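*Asks:* Input file: run-v9.csv. Contents: CSV, C-alpha atoms.
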```csv
chain,number,residue,atom,x,y,z
P,1,MET,CA,83.4,95.8,273.2
P,2,ALA,CA,80.2,96.3,275.0
P,3,TRP,CA,77.3,97.7,273.0
P,4,ASN,CA,77.0,100.7,275.3
P,5,GLU,CA,80.6,101.8,275.2
P,6,PRO,CA,81.2,105.2,273.6
P,7,GLY,CA,82.4,105.0,270.0
P,8,GLY,CA,83.5,107.3,267.2
P,9,GLY,CA,83.6,110.9,268.0
P,10,ASN,CA,80.1,111.5,269.0
P,11,ASN,CA,80.1,109.4,272.2
P,12,LYS,CA,76.8,107.7,271.4
P,13,PRO,CA,76.1,104.1,272.3
P,14,LYS,CA,76.4,101.5,269.6
P,15,ASP,CA,73.4,99.5,268.4
P,16,PRO,CA,73.8,95.7,269.2
P,17,TRP,CA,71.8,94.9,266.0
P,18,GLY,CA,74.1,97.0,263.9
P,19,GLY,CA,71.6,99.8,263.4
P,20,GLY,CA,74.0,102.6,264.0
P,21,ASP,CA,72.1,105.8,264.4
P,22,GLN,CA,68.9,104.4,263.0
P,23,GLY,CA,67.1,104.1,266.4
P,24,PRO,CA,65.5,101.0,268.1
P,25,PRO,CA,65.7,97.7,266.2
P,26,ASP,CA,62.9,96.5,264.0
P,27,LEU,CA,61.2,93.4,265.5
P,28,ASP,CA,60.1,92.0,262.1
P,29,GLU,CA,63.7,92.3,260.8
P,30,ALA,CA,65.0,90.4,263.8
P,31,LEU,CA,62.5,87.5,263.3
P,32,LYS,CA,63.4,87.4,259.6
P,33,LYS,CA,67.1,87.0,260.5
P,34,LEU,CA,66.3,84.2,262.9
P,35,GLN,CA,64.3,82.5,260.3
P,36,GLU,CA,67.1,82.7,257.8
P,37,LYS,CA,69.6,81.2,260.3
P,38,LEU,CA,67.2,78.2,261.0
P,39,GLY,CA,66.7,77.7,257.3
P,40,GLY,CA,70.5,77.5,256.7
P,41,LEU,CA,70.9,75.2,259.7
P,42,PHE,CA,68.5,72.6,258.2
P,43,GLY,CA,69.7,73.0,254.6
P,44,GLY,CA,67.4,75.7,253.3
P,45,ARG,CA,68.5,77.8,250.3
P,46,ARG,CA,68.6,81.6,250.2
P,47,ALA,CA,66.8,83.4,247.5
P,48,GLY,CA,69.7,85.0,245.4
P,49,GLY,CA,73.3,85.5,246.2
P,50,GLY,CA,73.1,88.3,248.7
P,51,GLY,CA,69.4,88.1,249.4
P,52,SER,CA,68.3,87.2,252.9
P,53,GLY,CA,64.7,86.2,252.3
P,54,ALA,CA,63.4,82.7,253.2
P,55,ALA,CA,60.8,80.6,251.5
P,56,PRO,CA,57.3,82.0,251.9
P,57,GLY,CA,56.0,79.0,253.9
P,58,GLY,CA,58.3,79.6,256.9
P,59,PHE,CA,60.1,76.4,257.7
P,60,SER,CA,61.5,74.3,254.9
P,61,GLY,CA,60.3,70.8,253.9
P,62,SER,CA,63.2,69.0,255.6
P,63,LEU,CA,62.4,70.6,259.0
P,64,LEU,CA,58.8,69.4,258.6
P,65,GLY,CA,60.1,65.9,257.9
P,66,VAL,CA,62.3,65.9,261.1
P,67,LEU,CA,59.4,67.1,263.1
P,68,ALA,CA,57.2,64.4,261.7
P,69,VAL,CA,59.8,61.7,262.6
P,70,VAL,CA,60.1,63.1,266.1
P,71,ALA,CA,56.3,63.1,266.5
P,72,LEU,CA,56.1,59.5,265.2
P,73,VAL,CA,58.7,58.4,267.7
P,74,VAL,CA,56.9,60.1,270.6
P,75,TRP,CA,53.6,58.6,269.4
P,76,GLY,CA,55.2,55.1,269.4
P,77,LEU,CA,56.7,55.6,272.8
P,78,MET,CA,53.4,56.6,274.2
P,79,GLY,CA,52.0,53.2,273.2
P,80,PHE,CA,54.0,51.2,275.8
P,81,TYR,CA,52.4,50.4,279.1
P,82,GLN,CA,52.8,47.9,281.9
P,83,VAL,CA,50.1,45.5,283.1
P,84,ASP,CA,50.7,44.4,286.8
P,85,GLN,CA,50.4,40.9,288.0
P,86,GLN,CA,47.1,41.5,289.7
P,87,GLU,CA,45.6,43.3,286.7
P,88,ARG,CA,44.1,42.5,283.3
P,89,ALA,CA,43.8,45.0,280.5
P,90,VAL,CA,40.8,45.4,278.2
P,91,VAL,CA,41.8,46.9,274.8
P,92,LEU,CA,39.3,48.8,272.6
P,93,ARG,CA,40.2,49.8,269.1
P,94,PHE,CA,38.1,52.7,267.9
P,95,GLY,CA,35.7,51.9,270.7
P,96,LYS,CA,35.3,48.2,269.7
P,97,TYR,CA,36.5,45.3,271.8
P,98,LEU,CA,39.8,44.0,270.6
P,99,GLU,CA,41.4,41.7,273.3
P,100,THR,CA,42.1,41.2,277.0
P,101,VAL,CA,45.8,41.2,277.7
P,102,GLN,CA,47.6,39.4,280.5
P,103,PRO,CA,50.3,40.9,282.8
P,104,GLY,CA,53.5,42.1,281.3
P,105,LEU,CA,54.9,44.9,279.1
P,106,ARG,CA,52.5,45.7,276.3
P,107,TRP,CA,52.2,48.1,273.4
P,108,ASN,CA,49.2,49.4,271.6
P,109,PRO,CA,48.9,52.3,269.3
P,110,PRO,CA,47.8,55.4,271.3
P,111,ILE,CA,44.8,57.4,270.3
P,112,VAL,CA,43.7,54.4,268.1
P,113,ASP,CA,43.5,51.9,271.0
P,114,GLU,CA,42.0,52.6,274.5
P,115,VAL,CA,43.4,50.4,277.3
P,116,ILE,CA,41.4,49.9,280.4
P,117,ARG,CA,43.2,48.2,283.3
P,118,VAL,CA,41.2,46.3,285.9
P,119,ASN,CA,42.4,44.8,289.2
P,120,THR,CA,41.1,41.2,289.4
P,121,THR,CA,42.5,40.2,292.8
P,122,LYS,CA,41.6,43.1,295.0
P,123,VAL,CA,38.7,42.3,297.4
P,124,ARG,CA,36.2,45.1,297.4
P,125,ALA,CA,33.5,45.6,300.0
P,126,VAL,CA,30.2,47.5,300.1
P,127,SER,CA,27.7,47.8,302.9
P,128,PHE,CA,23.9,48.2,302.8
P,129,ARG,CA,21.3,49.1,305.4
P,130,GLU,CA,17.7,48.3,304.6
P,131,ILE,CA,14.4,48.3,306.5
P,132,MET,CA,12.0,45.6,305.2
P,133,LEU,CA,9.1,43.3,306.1
P,134,THR,CA,9.4,39.8,307.3
P,135,ARG,CA,7.2,36.8,306.5
P,136,ASP,CA,5.1,37.4,309.7
P,137,GLU,CA,4.6,41.1,308.7
P,138,ASN,CA,7.1,42.6,311.1
P,139,ILE,CA,9.5,45.4,310.3
P,140,VAL,CA,13.2,44.8,310.8
P,141,GLU,CA,16.4,46.7,310.0
P,142,VAL,CA,19.3,44.8,308.5
P,143,LYS,CA,22.8,45.9,307.8
P,144,LEU,CA,24.6,43.7,305.2
P,145,SER,CA,28.2,43.7,304.0
P,146,VAL,CA,29.2,42.2,300.6
P,147,GLN,CA,32.8,41.4,299.6
P,148,TYR,CA,33.5,40.7,295.9
P,149,VAL,CA,36.2,40.6,293.3
P,150,ILE,CA,36.1,41.2,289.5
P,151,ASP,CA,36.2,37.8,287.9
P,152,ASP,CA,35.6,38.7,284.3
P,153,PRO,CA,37.2,42.1,283.4
P,154,THR,CA,35.7,42.1,279.9
P,155,ALA,CA,32.2,41.7,281.1
P,156,PHE,CA,32.8,44.2,283.9
P,157,VAL,CA,34.0,46.9,281.5
P,158,LEU,CA,31.7,46.3,278.5
P,159,GLU,CA,28.5,44.4,279.4
P,160,VAL,CA,27.1,46.8,282.1
P,161,ARG,CA,27.3,50.5,282.2
P,162,ASP,CA,27.7,50.8,286.0
P,163,PRO,CA,28.4,47.3,287.5
P,164,GLU,CA,28.8,48.5,291.1
P,165,ASN,CA,25.4,50.2,290.9
P,166,SER,CA,23.9,47.0,289.5
P,167,LEU,CA,25.6,45.2,292.4
P,168,GLN,CA,23.8,47.5,294.9
P,169,HIS,CA,20.4,47.0,293.3
P,170,ALA,CA,20.9,43.2,293.0
P,171,THR,CA,21.9,43.0,296.7
P,172,GLN,CA,18.9,44.9,297.8
P,173,SER,CA,16.6,42.7,295.8
P,174,ALA,CA,18.2,39.5,297.1
P,175,LEU,CA,18.1,40.7,300.7
P,176,ARG,CA,14.4,41.7,300.5
P,177,HIS,CA,13.5,38.4,298.9
P,178,VAL,CA,15.3,36.3,301.6
P,179,VAL,CA,14.1,38.4,304.6
P,180,GLY,CA,10.6,38.5,303.2
P,181,ASP,CA,10.5,34.7,303.3
P,182,THR,CA,11.9,34.5,306.9
P,183,THR,CA,10.2,35.1,310.3
P,184,MET,CA,11.3,38.0,312.5
P,185,ASN,CA,12.5,35.7,315.3
P,186,LEU,CA,14.9,34.0,312.9
P,187,VAL,CA,16.2,37.3,311.5
P,188,LEU,CA,16.9,38.8,315.0
P,189,THR,CA,18.4,35.7,316.7
P,190,GLY,CA,20.1,32.7,315.2
P,191,GLY,CA,19.3,32.9,311.5
P,192,ARG,CA,21.9,35.5,310.4
P,193,ALA,CA,24.3,32.9,308.9
P,194,GLN,CA,21.5,31.2,307.0
P,195,ILE,CA,20.2,34.5,305.7
P,196,ALA,CA,23.8,35.5,304.6
P,197,ASP,CA,24.2,32.2,302.7
P,198,GLU,CA,20.9,32.5,300.9
P,199,VAL,CA,21.6,36.1,300.0
P,200,SER,CA,25.0,35.2,298.6
P,201,THR,CA,23.6,32.4,296.4
P,202,ARG,CA,20.7,34.5,295.1
P,203,LEU,CA,23.0,37.6,294.6
P,204,GLN,CA,25.5,35.6,292.5
P,205,GLN,CA,22.6,34.3,290.3
P,206,TYR,CA,21.5,37.9,289.7
P,207,LEU,CA,25.0,39.1,288.8
P,208,ASP,CA,25.6,36.2,286.5
P,209,LEU,CA,22.3,36.9,284.8
P,210,TYR,CA,23.3,40.6,284.3
P,211,LYS,CA,26.8,39.6,283.1
P,212,THR,CA,28.5,42.0,285.4
P,213,GLY,CA,31.7,40.0,285.7
P,214,ILE,CA,31.6,40.2,289.5
P,215,ARG,CA,32.1,37.2,291.8
P,216,VAL,CA,30.8,37.4,295.4
P,217,SER,CA,33.3,36.3,297.9
P,218,LYS,CA,31.4,36.6,301.2
P,219,VAL,CA,28.1,38.1,302.5
P,220,THR,CA,27.8,39.0,306.2
P,221,VAL,CA,24.8,40.1,308.2
P,222,ASP,CA,26.5,42.7,310.4
P,223,GLU,CA,23.4,43.8,312.4
P,224,SER,CA,19.7,43.0,312.5
P,225,LYS,CA,17.4,44.8,314.9
P,226,PRO,CA,13.8,46.0,315.2
P,227,PRO,CA,12.8,49.6,314.6
P,228,SER,CA,13.9,52.0,317.3
P,229,GLN,CA,10.2,52.8,318.3
P,230,VAL,CA,9.8,49.2,319.7
P,231,GLN,CA,13.3,48.5,320.7
P,232,GLU,CA,12.6,48.3,324.5
P,233,ALA,CA,9.8,45.8,324.0
P,234,PHE,CA,12.0,43.6,321.8
P,235,ASP,CA,14.8,43.8,324.4
P,236,ASP,CA,12.4,42.5,327.0
P,237,VAL,CA,11.4,39.6,324.7
P,238,ILE,CA,15.0,38.8,324.0
P,239,LYS,CA,15.8,38.8,327.7
P,240,ALA,CA,12.9,36.4,328.4
P,241,ARG,CA,14.2,34.1,325.7
P,242,GLU,CA,17.7,34.2,327.1
P,243,ASP,CA,16.3,33.2,330.5
P,244,GLU,CA,14.3,30.4,328.9
P,245,GLU,CA,17.5,29.1,327.2
P,246,ARG,CA,19.4,29.4,330.5
P,247,VAL,CA,16.8,27.4,332.4
P,248,LYS,CA,16.7,24.8,329.7
P,249,ASN,CA,20.5,24.5,329.8
P,250,GLU,CA,20.5,24.1,333.6
P,251,ALA,CA,17.8,21.4,333.3
P,252,GLN,CA,19.7,19.6,330.6
P,253,ALA,CA,22.9,19.8,332.7
P,254,TYR,CA,21.0,18.3,335.7
P,255,ALA,CA,19.5,15.6,333.5
P,256,ASN,CA,23.0,14.8,332.1
P,257,GLY,CA,24.2,14.3,335.7
P,258,ILE,CA,21.4,12.3,337.1
P,259,VAL,CA,20.4,10.1,334.2
P,260,PRO,CA,23.9,8.4,333.9
P,261,GLU,CA,23.9,7.7,337.7
P,262,ALA,CA,20.5,6.1,337.5
P,263,ARG,CA,21.5,4.1,334.5
P,264,GLY,CA,24.6,3.0,336.4
P,265,ALA,CA,22.7,2.0,339.5
P,266,ALA,CA,20.2,0.0,337.4
P,267,GLN,CA,23.0,-1.7,335.6
P,268,ARG,CA,24.6,-2.6,338.9
P,269,VAL,CA,21.4,-4.1,340.2
P,270,LEU,CA,21.1,-6.1,337.0
P,271,GLU,CA,24.6,-7.4,337.3
P,272,GLU,CA,24.1,-8.3,341.0
P,273,ALA,CA,20.9,-10.2,340.1
P,274,LEU,CA,22.7,-12.0,337.3
P,275,ALA,CA,25.5,-12.9,339.6
P,276,TYR,CA,23.1,-14.2,342.3
P,277,LYS,CA,21.3,-16.2,339.6
P,278,GLU,CA,24.5,-17.7,338.5
P,279,GLN,CA,25.5,-18.4,342.1
P,280,VAL,CA,22.2,-20.1,342.9
P,281,ILE,CA,22.3,-22.2,339.8
P,282,ALA,CA,25.9,-23.2,340.5
P,283,ASN,CA,25.2,-24.1,344.1
P,284,ALA,CA,22.1,-26.2,343.1
P,285,GLU,CA,24.1,-28.0,340.5
P,286,GLY,CA,26.9,-28.6,342.9
P,287,GLU,CA,24.5,-29.9,345.6
P,288,ALA,CA,22.9,-32.2,343.1
P,289,GLN,CA,26.2,-33.6,342.0
P,290,ARG,CA,27.3,-34.0,345.6
P,291,PHE,CA,24.1,-35.8,346.5
P,292,THR,CA,24.5,-38.1,343.5
P,293,LYS,CA,28.0,-39.0,344.6
P,294,LEU,CA,26.9,-39.5,348.2
P,295,LEU,CA,24.2,-41.8,347.0
P,296,VAL,CA,26.8,-43.9,345.2
P,297,GLU,CA,29.0,-44.1,348.3
P,298,TYR,CA,26.0,-44.8,350.5
P,299,GLN,CA,25.0,-47.7,348.4
P,300,LYS,CA,28.5,-49.1,348.8
P,301,ALA,CA,28.8,-48.5,352.6
P,302,PRO,CA,25.6,-47.3,354.3
P,303,GLU,CA,26.9,-47.3,357.9
P,304,VAL,CA,30.1,-45.5,357.2
P,305,THR,CA,28.4,-43.0,355.0
P,306,ARG,CA,25.6,-42.4,357.5
P,307,GLU,CA,28.2,-41.7,360.3
P,308,ARG,CA,30.2,-39.4,358.0
P,309,LEU,CA,27.0,-37.4,357.2
P,310,TYR,CA,26.2,-37.1,360.9
P,311,LEU,CA,29.6,-35.9,361.9
P,312,SER,CA,29.7,-33.4,359.0
P,313,ALA,CA,26.3,-32.0,360.0
P,314,VAL,CA,27.3,-31.8,363.7
P,315,GLN,CA,30.6,-30.1,362.7
P,316,GLU,CA,28.8,-27.6,360.5
P,317,VAL,CA,26.3,-26.8,363.2
P,318,LEU,CA,28.8,-26.5,366.1
P,319,GLY,CA,31.5,-24.9,364.0
P,320,ASN,CA,30.0,-21.5,364.3
P,321,ASN,CA,29.3,-21.8,368.1
P,322,ASN,CA,31.6,-20.1,370.6
P,323,LYS,CA,30.9,-22.6,373.3
P,324,VAL,CA,32.7,-25.9,373.8
P,325,LEU,CA,31.3,-28.9,375.7
P,326,VAL,CA,33.9,-31.4,376.9
P,327,ASP,CA,32.8,-34.9,377.8
P,328,VAL,CA,35.1,-37.5,379.3
P,329,GLU,CA,34.6,-41.2,379.2
P,330,GLY,CA,33.9,-42.7,382.6
P,331,GLY,CA,32.8,-39.4,384.1
P,332,ASN,CA,29.4,-38.0,384.8
P,333,ASN,CA,30.3,-34.4,384.6
P,334,MET,CA,30.4,-32.3,381.3
P,335,MET,CA,32.5,-29.2,381.3
P,336,TYR,CA,31.4,-26.0,379.6
P,337,LEU,CA,34.0,-23.6,378.2
P,338,PRO,CA,32.8,-20.2,377.1
P,339,LEU,CA,35.4,-19.5,374.4
P,340,ASP,CA,34.0,-16.2,373.5
P,341,LYS,CA,34.7,-15.0,377.0
P,342,LEU,CA,38.0,-16.6,377.2
P,343,THR,CA,39.3,-15.1,374.0
P,344,THR,CA,38.1,-11.6,374.9
P,345,PRO,CA,40.9,-9.5,376.7
P,346,SER,CA,40.1,-8.4,380.2
P,347,THR,CA,39.2,-4.7,380.4
P,348,GLY,CA,38.5,-4.5,384.1
P,349,GLY,CA,40.7,-1.9,385.7
P,350,GLY,CA,40.3,-3.1,389.3
P,351,SER,CA,41.3,-6.8,388.8
P,352,SER,CA,44.7,-7.9,387.7
P,353,ARG,CA,43.7,-11.5,387.5
P,354,GLY,CA,41.6,-11.4,384.4
P,355,LEU,CA,42.1,-14.0,381.7
P,356,SER,CA,43.4,-13.2,378.2
P,357,ILE,CA,43.6,-16.3,376.0
P,358,ASP,CA,44.6,-16.1,372.4
P,359,SER,CA,42.7,-18.2,369.9
P,360,SER,CA,45.9,-20.1,369.0
P,361,ASN,CA,46.1,-21.5,372.5
P,362,ILE,CA,42.5,-22.8,372.7
P,363,ARG,CA,43.5,-26.3,371.6
P,364,GLU,CA,46.2,-26.6,374.2
P,365,LEU,CA,43.8,-25.3,376.9
P,366,THR,CA,41.2,-27.9,375.8
P,367,ASN,CA,43.6,-30.7,375.9
P,368,ALA,CA,44.8,-29.7,379.4
P,369,VAL,CA,41.3,-29.5,380.7
P,370,THR,CA,40.4,-32.9,379.2
P,371,GLU,CA,43.5,-34.5,380.8
P,372,GLN,CA,42.6,-33.1,384.2
P,373,LEU,CA,39.1,-34.4,383.9
P,374,ARG,CA,40.4,-37.8,383.0
P,375,ARG,CA,42.6,-37.9,386.1
P,376,ASP,CA,39.8,-36.8,388.3
P,377,ALA,CA,37.5,-39.5,386.9
P,378,ALA,CA,40.3,-42.2,387.4
P,379,ALA,CA,40.8,-41.1,391.0
P,380,ALA,CA,37.0,-41.3,391.7
P,381,ASN,CA,36.9,-44.8,390.3
P,382,ASN,CA,39.8,-45.9,392.5
P,383,ARG,CA,38.1,-44.6,395.6
P,384,ARG,CA,34.9,-46.5,394.7
P,385,GLY,CA,36.9,-49.7,394.1
P,386,GLY,CA,38.7,-49.4,397.5
P,387,ARG,CA,35.4,-49.4,399.3
```
Translate this structure into structure tokens?
*Replies:*
Amino acid sequence: MAWNEPGGGNNKPKDPWGGGDQGPPDLDEALKKLQEKLGGLFGGRRAGGGGSGAAPGGFSGSLLGVLAVVALVVWGLMGFYQVDQQERAVVLRFGKYLETVQPGLRWNPPIVDEVIRVNTTKVRAVSFREIMLTRDENIVEVKLSVQYVIDDPTAFVLEVRDPENSLQHATQSALRHVVGDTTMNLVLTGGRAQIADEVSTRLQQYLDLYKTGIRVSKVTVDESKPPSQVQEAFDDVIKAREDEERVKNEAQAYANGIVPEARGAAQRVLEEALAYKEQVIANAEGEAQRFTKLLVEYQKAPEVTRERLYLSAVQEVLGNNNKVLVDVEGGNNMMYLPLDKLTTPSTGGGSSRGLSIDSSNIRELTNAVTEQLRRDAAAANNRRGGR
């Protein structure tokens, strides 16, 4: 029944702890009963047959043993950890370096060993902005970015207290050394890549000397400019230099266009002169050989050779002449034919009787004229004979 149901004859609520009419339960007595139950559960013995008192120490020895086993199991499970593929773990035992473990599932006793995991593939970046003097005693402002990875996790964890702070100091030192040995013009214009390479080399030397375990991947000069107080003057200087470069490029482009043409013309003249030389030499040699051969023929037949040379010379002279002279044996008249006029088509609009003779018919025309002249000469001779 419920503890607050009326019972007996006095209609008073019953005590759930069995106290009857004794009032509220005693807290010490309730704790004592709970302790006795736990002792019986784990094999504890009661003091006496009906006694309910437990051992003075609280929990029994068996309970302490179970708790020790549970604590040992928990302690062992806490020692398992996972090292990712991009990580390396540095293990310290009582603060002393023990080993550097590779990726995988690992176990080390907790509390005794300290495990420090370091990402060795992540590319980290840091930026710096410094104002410094150049070699020609001008002030410039340079912004630099450094990308790096942790190459030696053991050195990164143990050799230097604050490796990234050491990286910052080493970068500033290397940058000041390189810029201090460079002119302002080179820093502000085309020398950024060269400065970045020199800073990267010098910075890596410093980091290796400090044993930071850091490897520099890339150094980039993001910005280089003069101080803001003289920025306008520097802008004018840069604009003038750009104009100078533009004019130089235009002149170079013009030179690249005109020089090849001149060289080509000169080469053409040389080739023509060489060809003329070869032609003159060949003609001279040919004439000499022809003269030698003519001399041999002339020695054999002087009269025939002389006549042939005369006819050849006359043919060569008259061959380019547009006029034809026709002479007929037995006649006293010589006919003149202007072939250049005869072969030219008539362009007169008022006359329909103009002559138009093709060059292919000149020979026929000449033969006809010659025949007519012969007939006229024969008729004249007959008339003189009849008298």
*Asks:* Of the residues P:Pro153, P:Gly79, P:Val90, P:Lys33, which is the one nearest to Asn108 of chain P, using only C-alpha atoms?
*Replies:*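 Going through P:Pro153, P:Gly79, P:Val90, P:Lys33 one by one, the smallest distance to Asn108 of chain P is for P:Gly79.
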*Asks:* What lies within 12 Å of segment 236-244 of chain P using only C-alpha atoms, ignoring chain neighbours under 6 positions off, as a list of chain:residue names?
*Replies:* P:Asn185, P:Leu188, P:Thr189, P:Gly190, P:Lys225, P:Pro226, P:Val230, P:Glu250, P:Ala251
*Asks:* Report, in Å to a single decimal, how far apart atom CA of Asp222 of chain P and atom CA of Thr201 of chain P are.
*Replies:*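 So the answer is 17.6 Å.
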*Asks:* With only C-alpha atoms as the basis for distance, which of P:Leu144, P:Val216, P:Leu92, P:Ile258 is at the shortest distance from Val123 of chain P?
*Replies:*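 Nearest to Val123 of chain P: P:Val216.
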*Asks:* Hey, can you check how far atom CA of Thr182 of chain P sits from atom CA of Glu141 of chain P?
*Replies:*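 These two atoms are separated by 13.4 Å.
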*Asks:* Would you work out the distance separating atom CA of Ala89 of chain P from atom CA of Ile150 of chain P, expressed in Å to one decimal?
*Replies:*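 Taking atom CA of Ala89 of chain P and atom CA of Ile150 of chain P, their separation equals 12.4 Å.
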*Asks:* Determine, counting all atoms listed in the file, which protein, DNA and RNA residues have an atom within 10 Å of an atom of Tyr210 of chain P; residues of the same chain fewer than 5 positions away are not included. Present the result as a list of chain:residue names.
*Replies:*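 Residues meeting the cut-off are P:Ala155, P:Glu159, P:Val160, P:Pro163, P:Ser166, P:Leu167, P:Ala170, P:Gln204, P:Gln205.
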*Asks:* For Asn165 of chain P, which residue out of P:Asn249, P:Ile214, P:Val91, P:Leu294 is the nearest one, using all atoms listed in the file?
*Replies:* P:Ile214
*Asks:* Write out as a PyMOL selection string which residues come within 12 Å of Gly191 of chain P when counting all atoms listed in the file, dropping same-chain ones fewer than 4 positions away.
*Replies:* chain P and resi 178-179+182-187+195-198+220-221+223-224
*Asks:* Can you tell me which residues surround Val112 of chain P at a distance of at most 8 Å, considering only C-alpha atoms, apart from same-chain residues fewer than 3 positions away, and format the answer as number ranges by chain?
*Replies:* P: 93-94, 109
*Asks:* Export, as an mmCIF file, keeping the file's coordinate frame, the selected residues with C-alpha atoms.
*Replies:*
```
data_model
loop_
_atom_site.group_PDB
_atom_site.id
_atom_site.type_symbol
_atom_site.label_atom_id
_atom_site.label_comp_id
_atom_site.auth_asym_id
_atom_site.auth_seq_id
_atom_site.Cartn_x
_atom_site.Cartn_y
_atom_site.Cartn_z
ATOM 1 C CA ARG P 93 40.200 49.800 269.100
ATOM 2 C CA PHE P 94 38.100 52.700 267.900
ATOM 3 C CA PRO P 109 48.900 52.300 269.300
#
```
*Asks:* Which is closest to Arg129 of chain P among P:Phe156, P:Leu175, P:Phe291, P:Glu114, if we use all atoms listed in the file?
*Replies:*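 Using all atoms listed in the file, Arg129 of chain P sits closest to P:Leu175.
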*Asks:* Taking only C-alpha atoms into account, which of P:Gln102, P:Leu77, P:Ser145, P:Glu87 comes nearest Thr121 of chain P?
*Replies:* P:Glu87
*Asks:* Tell me which of P:Val140, P:Leu311, P:Leu98, P:Ala377 sits closest to Leu158 of chain P, counting only C-alpha atoms.
*Replies:* P:Leu98
